[in-house]
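The structure appears below as structure tokens.
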Amino acid sequence: MKSSFPCSLPLALLALSSLTAAERPRLYHGPVEPHWIGQSSRFWYRIEVPNGEEFFFVDSERGTRTPAFDQVRATAAIKEAKLGPVSASTLSADARTLSFRANGSAWTLNLSTYAVTPAPKATAANPVASPADDPEANSRTRLARSPDAQWEAFARDDNLWLRELATQRESPLSFDGSPGHTYRRDASRARLVGMRYDLADYPTTEPDVRWSPDSRRIVALQTRIVPERRVTLVESSPADQLQPKVSSYPYLKPGDEIPLSRPHLFDVAAAREIPLDQSSLPNPWILDSVRWALDSSRFTFLHNQRGHQLLQLLSADATTGALRPIFEERSETFVHYSRSGRFLEHLDATHEVLWASERDGWNHLYLFDALTGRVKQQLTRGEWVVRGIEHIDRTRRLVWFRAAGAGGLDDPYYEQLCRVSLDGTGFTVLTPEPGMHAITLSPDKTFFVDTWSRVDSPPVSVLRRLEDGTLTLPLETGDANALLAARGRWPERFVAKGRDGVTAIFGIIQRPANFDPARKYPIIERVYAGPHGNFTPKSFGTHDALLERGFIIVQADGMGTVGRSKKFHDVAWRNVADAGFLDRIAWIKAAAAKYPELDLTRVGIFGTSAGGQSALGALLFHGDFYRAAASDCGCHDNRMDKIWWNEQWFGWPVGPHYADNSNVTHAAKLRGKLLLAVGELDRNVDPASTYQVANALVRADKPFEYLVMPGAGHGVFRTPYGRKRMEDFFVRAFLPNEQ
């Protein structure tokens, strides 16, 4: 229902673009992004419309949607202030003030008085912020203080100390600290493993501790410090000087020694350590997620063994220090730790743990008894996967979660919001529409905004009740008529069998706006086959400018990617070079059999990062099918890339399987035309990975185009120049008469 009194700022005042609507068609009435007011279910949102923007206020309980302010008065007030055009407009959290930019400055419009005033100047960031100015530091300070406010933990000379707050008396708890094994909070793991390269060291007095609720015991993490491997970059053409600059940043690679924090348990009153028997944890990748039971009798933590084949939730007895597993995940290939760790939910009051496991071949939710480790209930089951937990009502014992494939839709990757009881009954799909659903829950967990779409269907946003998914209020239906007129058609969803002739592979086909079914078109595949996700677009908005150069663009997810069964995913184990090629080649051939406009004699491929690795791999391992590849910032040898990503799929220790998957190893097999690109300042993938594969190609006397982009980081093809070079490369390769 559109209001007869829209609260829009017209194009006369709104600087949306330097192009007219005819020159740059847009999606109008697009996805709703709710801005919740406080902890309520009321919110406001902003959408783009043909004549500007509209702001609406929604009262979820009343089921009403009304203009957020008087557009006529707002326009008049802005004109009277001699301001315009307006850009970057947004409502305040309480929907009482409109902020915007005009005439090069920031302004506010009071929506009660409609007075326009200059916006308050932002306070310059304090270069030396105190803990009180730093929310993260303030939170860590609170962790160091005991719940009964009698003690404060701190680090001194790499050991753990306690300060009695009433008397300020200080005493040591640990005596085994050293610069190489310290009780101070250490930032090296976040820098070296977490890719937070510029994270500064924490204060030397700050420990990493977790107090028991009764304040009688404390768990402190002691960190093993390791030498920092650093990657060196040369900035050839810095903006502020003539001579090159050299910089480096910390970056661990597969097989390197890693910084590791181990938990130590201390009895505060006795001022002694309660030893934890960690002999069963000889080589952890990480020990984290320390959490105390409400009664202080025990604490739990996750143990991921290096190699990612064993993941355990361990319980430590607070009196004896004895360790026992509550549950564990074992795999002959890999446990997807980088995803699994996000599913851990403690139900403290009932001594239960909610966890996701692939033990039956699909990612499902399980409820464990936290005291015995017994599986109390498998909550979900079937040939579909749980993708994330959205909310748990611990009182009513209900859990809401995102699932893919659960609703019987025609694409198993479509995510829907579902609900199930903690006894495994009452499974319900709350968002039944056939498409990809994006969910935003209200802070009070009573309503949610649901936006669903497909690549061939514009977004629809509605308001639903969280309890049962009841549709409360339609919000917006995307108007994509201008886009359709410009693009000619939407991407087509296409399904075909993969390498085994049984497994369905899902992808999309994009055709140019001036598509002529009587013509033969070169096929360009966009690839990203990293095992950490699935990447074929499922929601509305996909469009590639390369289409308009005279190509058909395809994209599909083959085996070795996330979102299907464990067996489907396991194809990537020590086999990243496989990249699902056999599935996607079969899929492309099936598409060409159905659509004769697809020319199988002219197939190209492009990708960035892991996609860059695969793009070059296409010419090394499948040069009989792919004739040209544009490879951007690829991790061409997995021994050269970041430690966490590569040990997840290749395991530890580093063995010959790493080299077997390397594009450097197989460079002499190159067939077809290659554009190899890299940014000299790439801080995601070591640029030397590309330099080394270029060296191997030179040594093998293989011709190729080479683009080293000065000043560019990760993603040369995302820059205007790099994108043009990539497009021109494919035109020369496949459309030489149309240059």
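Quick note on naming: the chains in the structure tokens go A, B, ... in the order shown, residues restart at 1 in each chain, and ligands are numbered from 1 in order of appearance.
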
Review point. Residues of range 414-560 of chain A in strand (DSSP E) according to DSSP, as an MDAnalysis selection string?
Key: chainID A and resid 415:421 428:429 436:441 447:454 457:465 471:477 492:497 504:510 521:526 552:556

Grab the residues selected above and save them as a CSV table (one decimal), in the first residue's frame with C-alpha atoms.
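After the write, out_8.csv holds the following:
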chain,number,residue,atom,x,y,z
A,415,GLU,CA,17.6,-19.9,2.6
A,416,GLN,CA,14.4,-19.7,4.7
A,417,LEU,CA,13.7,-19.0,8.3
A,418,CYS,CA,12.5,-22.0,10.2
A,419,ARG,CA,11.6,-22.9,13.8
A,420,VAL,CA,11.7,-26.0,15.8
A,421,SER,CA,11.2,-27.0,19.5
A,428,THR,CA,8.0,-25.1,10.6
A,429,VAL,CA,9.2,-23.1,7.6
A,436,MET,CA,16.4,-16.4,-1.2
A,437,HIS,CA,15.2,-14.8,2.1
A,438,ALA,CA,17.1,-12.2,4.0
A,439,ILE,CA,15.9,-11.9,7.6
A,440,THR,CA,16.2,-9.0,10.2
A,441,LEU,CA,14.7,-9.7,13.6
A,447,PHE,CA,8.6,-9.5,14.5
A,448,PHE,CA,11.0,-9.7,11.6
A,449,VAL,CA,11.4,-8.1,8.2
A,450,ASP,CA,11.6,-10.7,5.4
A,451,THR,CA,13.0,-9.7,2.0
A,452,TRP,CA,13.0,-12.4,-0.6
A,453,SER,CA,14.0,-12.5,-4.2
A,454,ARG,CA,15.6,-14.5,-7.0
A,457,SER,CA,12.5,-11.9,-9.5
A,458,PRO,CA,12.9,-8.4,-7.9
A,459,PRO,CA,12.8,-8.2,-4.1
A,460,VAL,CA,9.6,-8.3,-2.0
A,461,SER,CA,9.8,-7.0,1.6
A,462,VAL,CA,7.2,-7.9,4.2
A,463,LEU,CA,6.8,-7.8,8.0
A,464,ARG,CA,6.0,-11.0,9.7
A,465,ARG,CA,5.5,-12.2,13.3
A,471,LEU,CA,2.3,-12.0,7.3
A,472,THR,CA,1.5,-8.7,9.2
A,473,LEU,CA,2.2,-6.0,6.7
A,474,PRO,CA,3.4,-5.8,3.1
A,475,LEU,CA,6.2,-3.2,2.9
A,476,GLU,CA,7.7,-2.9,-0.6
A,477,THR,CA,7.7,-4.7,-3.9
A,492,GLU,CA,18.2,-17.6,-16.3
A,493,ARG,CA,18.4,-20.2,-13.6
A,494,PHE,CA,19.6,-23.5,-15.1
A,495,VAL,CA,20.1,-27.0,-13.5
A,496,ALA,CA,22.0,-29.9,-15.0
A,497,LYS,CA,23.7,-33.1,-13.7
A,504,ALA,CA,22.2,-31.6,-9.6
A,505,ILE,CA,24.4,-28.6,-10.2
A,506,PHE,CA,22.7,-25.2,-10.0
A,507,GLY,CA,23.8,-22.1,-11.9
A,508,ILE,CA,22.8,-19.1,-13.9
A,509,ILE,CA,23.1,-18.0,-17.5
A,510,GLN,CA,23.2,-14.2,-18.3
A,521,TYR,CA,28.1,-16.3,-28.4
A,522,PRO,CA,31.4,-16.9,-26.6
A,523,ILE,CA,30.8,-18.2,-23.1
A,524,ILE,CA,32.6,-16.6,-20.2
A,525,GLU,CA,32.5,-18.3,-16.8
A,526,ARG,CA,32.8,-16.3,-13.7
A,552,ILE,CA,27.1,-14.9,-22.4
A,553,ILE,CA,28.2,-15.1,-18.8
A,554,VAL,CA,27.7,-18.3,-16.7
A,555,GLN,CA,28.2,-19.2,-13.1
A,556,ALA,CA,27.6,-22.4,-11.1

Check your understanding: When distances are computed from only C-alpha atoms, which of A:Lys79, A:Arg584, A:Lys594, A:His181 shows the smallest separation from Ser261 in chain A?
Key ->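 Smallest distance to Ser261 in chain A is found for A:His181.
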
**Study point:** Who sits within 9 Å of range 331-342 of chain A, only C-alpha atoms, same chain under 3 positions skipped, as an MDAnalysis selection string
**Key:** chainID A and resid 289 302 304 307:311 345 355:359 388:389 532 570 573:574 644:645 648:651

Export of prior selection with N, CA and C atoms as a compact mmCIF listing (two decimals), in the first residue's frame:
# COMPACT_ATOMS: atom_id res chain seq x y z
N SER A 289 36.72 -19.96 23.33
CA SER A 289 35.32 -19.97 23.79
C SER A 289 35.21 -20.46 25.23
N LEU A 302 36.41 -24.78 23.62
CA LEU A 302 36.53 -25.53 22.37
C LEU A 302 37.99 -25.86 22.11
N ASN A 304 40.18 -27.23 18.94
CA ASN A 304 40.29 -27.62 17.53
C ASN A 304 41.73 -28.06 17.30
N GLY A 307 45.09 -29.27 11.98
CA GLY A 307 44.74 -30.18 10.90
C GLY A 307 43.25 -30.21 10.66
N HIS A 308 42.47 -29.70 11.64
CA HIS A 308 41.02 -29.53 11.51
C HIS A 308 40.27 -30.84 11.27
N GLN A 309 40.74 -31.91 11.92
CA GLN A 309 40.03 -33.18 11.82
C GLN A 309 39.41 -33.61 13.14
N LEU A 310 39.68 -32.86 14.20
CA LEU A 310 39.10 -33.14 15.51
C LEU A 310 38.71 -31.83 16.17
N LEU A 311 37.43 -31.71 16.50
CA LEU A 311 36.90 -30.53 17.19
C LEU A 311 36.12 -31.02 18.40
N GLU A 345 25.92 -22.82 21.25
CA GLU A 345 25.00 -22.07 22.11
C GLU A 345 24.84 -22.83 23.42
N TRP A 355 24.26 -27.31 19.23
CA TRP A 355 25.44 -27.44 18.37
C TRP A 355 25.01 -27.91 17.00
N ALA A 356 25.76 -27.56 15.97
CA ALA A 356 25.51 -28.06 14.62
C ALA A 356 26.59 -29.06 14.24
N SER A 357 26.17 -30.15 13.63
CA SER A 357 27.10 -31.23 13.28
C SER A 357 26.73 -31.80 11.92
N GLU A 358 27.75 -32.29 11.21
CA GLU A 358 27.54 -32.98 9.94
C GLU A 358 27.66 -34.49 10.12
N ARG A 359 27.46 -34.98 11.31
CA ARG A 359 27.69 -36.40 11.59
C ARG A 359 26.76 -37.33 10.81
N GLY A 388 22.43 -21.14 9.94
CA GLY A 388 22.71 -20.21 11.03
C GLY A 388 21.58 -20.15 12.02
N ILE A 389 21.91 -19.92 13.29
CA ILE A 389 20.91 -19.76 14.35
C ILE A 389 20.58 -18.28 14.49
N HIS A 532 35.06 -22.51 1.24
CA HIS A 532 34.44 -21.92 2.44
C HIS A 532 33.03 -21.41 2.19
N ASP A 570 33.32 -32.51 0.66
CA ASP A 570 34.58 -33.22 0.86
C ASP A 570 35.42 -33.36 -0.40
N TRP A 573 38.77 -31.72 -0.25
CA TRP A 573 39.81 -32.13 0.70
C TRP A 573 41.12 -32.45 -0.03
N ARG A 574 42.15 -31.70 0.30
CA ARG A 574 43.47 -31.83 -0.32
C ARG A 574 43.37 -31.80 -1.84
N TRP A 644 45.20 -20.02 7.88
CA TRP A 644 43.93 -20.58 8.35
C TRP A 644 43.12 -21.17 7.21
N TRP A 645 43.12 -20.48 6.06
CA TRP A 645 42.28 -20.92 4.95
C TRP A 645 42.81 -22.21 4.35
N GLN A 648 42.79 -25.45 6.60
CA GLN A 648 41.42 -25.95 6.74
C GLN A 648 41.12 -27.00 5.68
N TRP A 649 41.60 -26.81 4.46
CA TRP A 649 41.26 -27.71 3.35
C TRP A 649 42.37 -28.71 3.03
N PHE A 650 43.61 -28.37 3.35
CA PHE A 650 44.73 -29.25 3.03
C PHE A 650 45.24 -30.01 4.24
N GLY A 651 44.89 -29.54 5.43
CA GLY A 651 45.34 -30.21 6.63
C GLY A 651 46.76 -29.84 7.02

**Study point:** Polymer residues at most 6 Å from Asp583 in chain A, only C-alpha atoms, same-chain spacing of 5 or more positions, as a PyMOL selection string
**Key:** chain A and resi 498-499+558

Check your understanding: Neighbours of range 150-155 of chain A within 7 Å (only C-alpha atoms; same-chain residues fewer than 3 positions away dropped), as a PyMOL selection string?
Key -> chain A and resi 144-146+158-166+183-184+204-207

Practice item. Grab the CA of Val231 in chain A to CA of Ala677 in chain A distance for me, in Å with one decimal place. Key: 18.8 Å

Long-range neighbours of Gly530 in chain A as a PDB file with N, CA and C atoms, in the first residue's frame, 9 Å cut-off, only C-alpha atoms, 5 positions minimum in chain:
ATOM      1  N   PHE A 535      28.824 -19.561  -4.177  1.00  0.00           N
ATOM      2  CA  PHE A 535      29.013 -18.209  -4.682  1.00  0.00           C
ATOM      3  C   PHE A 535      28.125 -17.819  -5.860  1.00  0.00           C
ATOM      4  N   GLY A 560      32.704 -29.559  -3.903  1.00  0.00           N
ATOM      5  CA  GLY A 560      33.798 -28.953  -3.161  1.00  0.00           C
ATOM      6  C   GLY A 560      33.436 -27.642  -2.512  1.00  0.00           C
ATOM      7  N   THR A 561      32.203 -27.182  -2.714  1.00  0.00           N
ATOM      8  CA  THR A 561      31.752 -25.936  -2.103  1.00  0.00           C
ATOM      9  C   THR A 561      30.699 -26.231  -1.039  1.00  0.00           C
ATOM     10  N   VAL A 562      30.360 -25.192  -0.278  1.00  0.00           N
ATOM     11  CA  VAL A 562      29.457 -25.316   0.871  1.00  0.00           C
ATOM     12  C   VAL A 562      28.000 -25.271   0.415  1.00  0.00           C
ATOM     13  N   ALA A 572      36.679 -31.169  -1.957  1.00  0.00           N
ATOM     14  CA  ALA A 572      37.759 -30.182  -1.870  1.00  0.00           C
ATOM     15  C   ALA A 572      38.931 -30.645  -1.021  1.00  0.00           C
ATOM     16  N   VAL A 576      41.942 -28.755  -3.772  1.00  0.00           N
ATOM     17  CA  VAL A 576      41.368 -27.465  -4.153  1.00  0.00           C
ATOM     18  C   VAL A 576      41.510 -27.220  -5.649  1.00  0.00           C
ATOM     19  N   ALA A 579      38.359 -27.807  -7.877  1.00  0.00           N
ATOM     20  CA  ALA A 579      37.541 -26.599  -8.022  1.00  0.00           C
ATOM     21  C   ALA A 579      36.170 -26.846  -8.640  1.00  0.00           C
ATOM     22  N   SER A 609      41.350 -14.025  -6.603  1.00  0.00           N
ATOM     23  CA  SER A 609      41.730 -14.696  -5.365  1.00  0.00           C
ATOM     24  C   SER A 609      41.689 -16.216  -5.581  1.00  0.00           C
ATOM     25  N   ALA A 610      40.863 -16.946  -4.812  1.00  0.00           N
ATOM     26  CA  ALA A 610      40.711 -18.371  -5.102  1.00  0.00           C
ATOM     27  C   ALA A 610      40.167 -18.554  -6.511  1.00  0.00           C
ATOM     28  N   GLY A 611      39.362 -17.596  -6.964  1.00  0.00           N
ATOM     29  CA  GLY A 611      38.878 -17.626  -8.341  1.00  0.00           C
ATOM     30  C   GLY A 611      39.996 -17.413  -9.341  1.00  0.00           C
TER      31      GLY A 611
END

Practice item. Would you please work out which residue, of A:Arg26, A:Arg397, A:Lys538, A:Arg381, is nearest to Asn51 in chain A when using only C-alpha atoms? Key: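 Under the stated criterion, the closest residue is A:Arg26.
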
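Candidate residues A:Met726, A:Asp288, A:Val116, A:Pro254 were compared for distance to Tyr658 in chain A, and the nearest is A:Pro254, using only C-alpha atoms.
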
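With CA of Asn283 in chain A on one side and CA of Pro259 in chain A on the other, the separation reads 11.4 Å.
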
Check your understanding: Out of A:Asp70, A:Asp240, A:Asp410, A:Asp208, which residue has the shortest atom-to-atom distance to Val290 in chain A when counting only C-alpha atoms?
Key -> A:Asp208

Review point. When you draw a straight line from CA of Val502 in chain A to CA of Thr536 in chain A, how long is it in Å?
Key: 20.0 Å

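Checking A:Asp479, A:Val58, A:Ala74, A:Tyr251 one by one against Tyr28 in chain A, counting only C-alpha atoms, you find the shortest gap at A:Asp479.
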
Check your understanding: Could you pull out all residues of range 428-570 of chain A with a DSSP call of helix (DSSP H, G or I) and give them as number ranges by chain?
Key -> A: 481-487, 545-549, 566-570

Review point. Which is closer to Ala293 in chain A than all the others in A:Ser236, A:Ser112, A:Thr431, A:Thr350, using only C-alpha atoms?
Key: A:Thr350
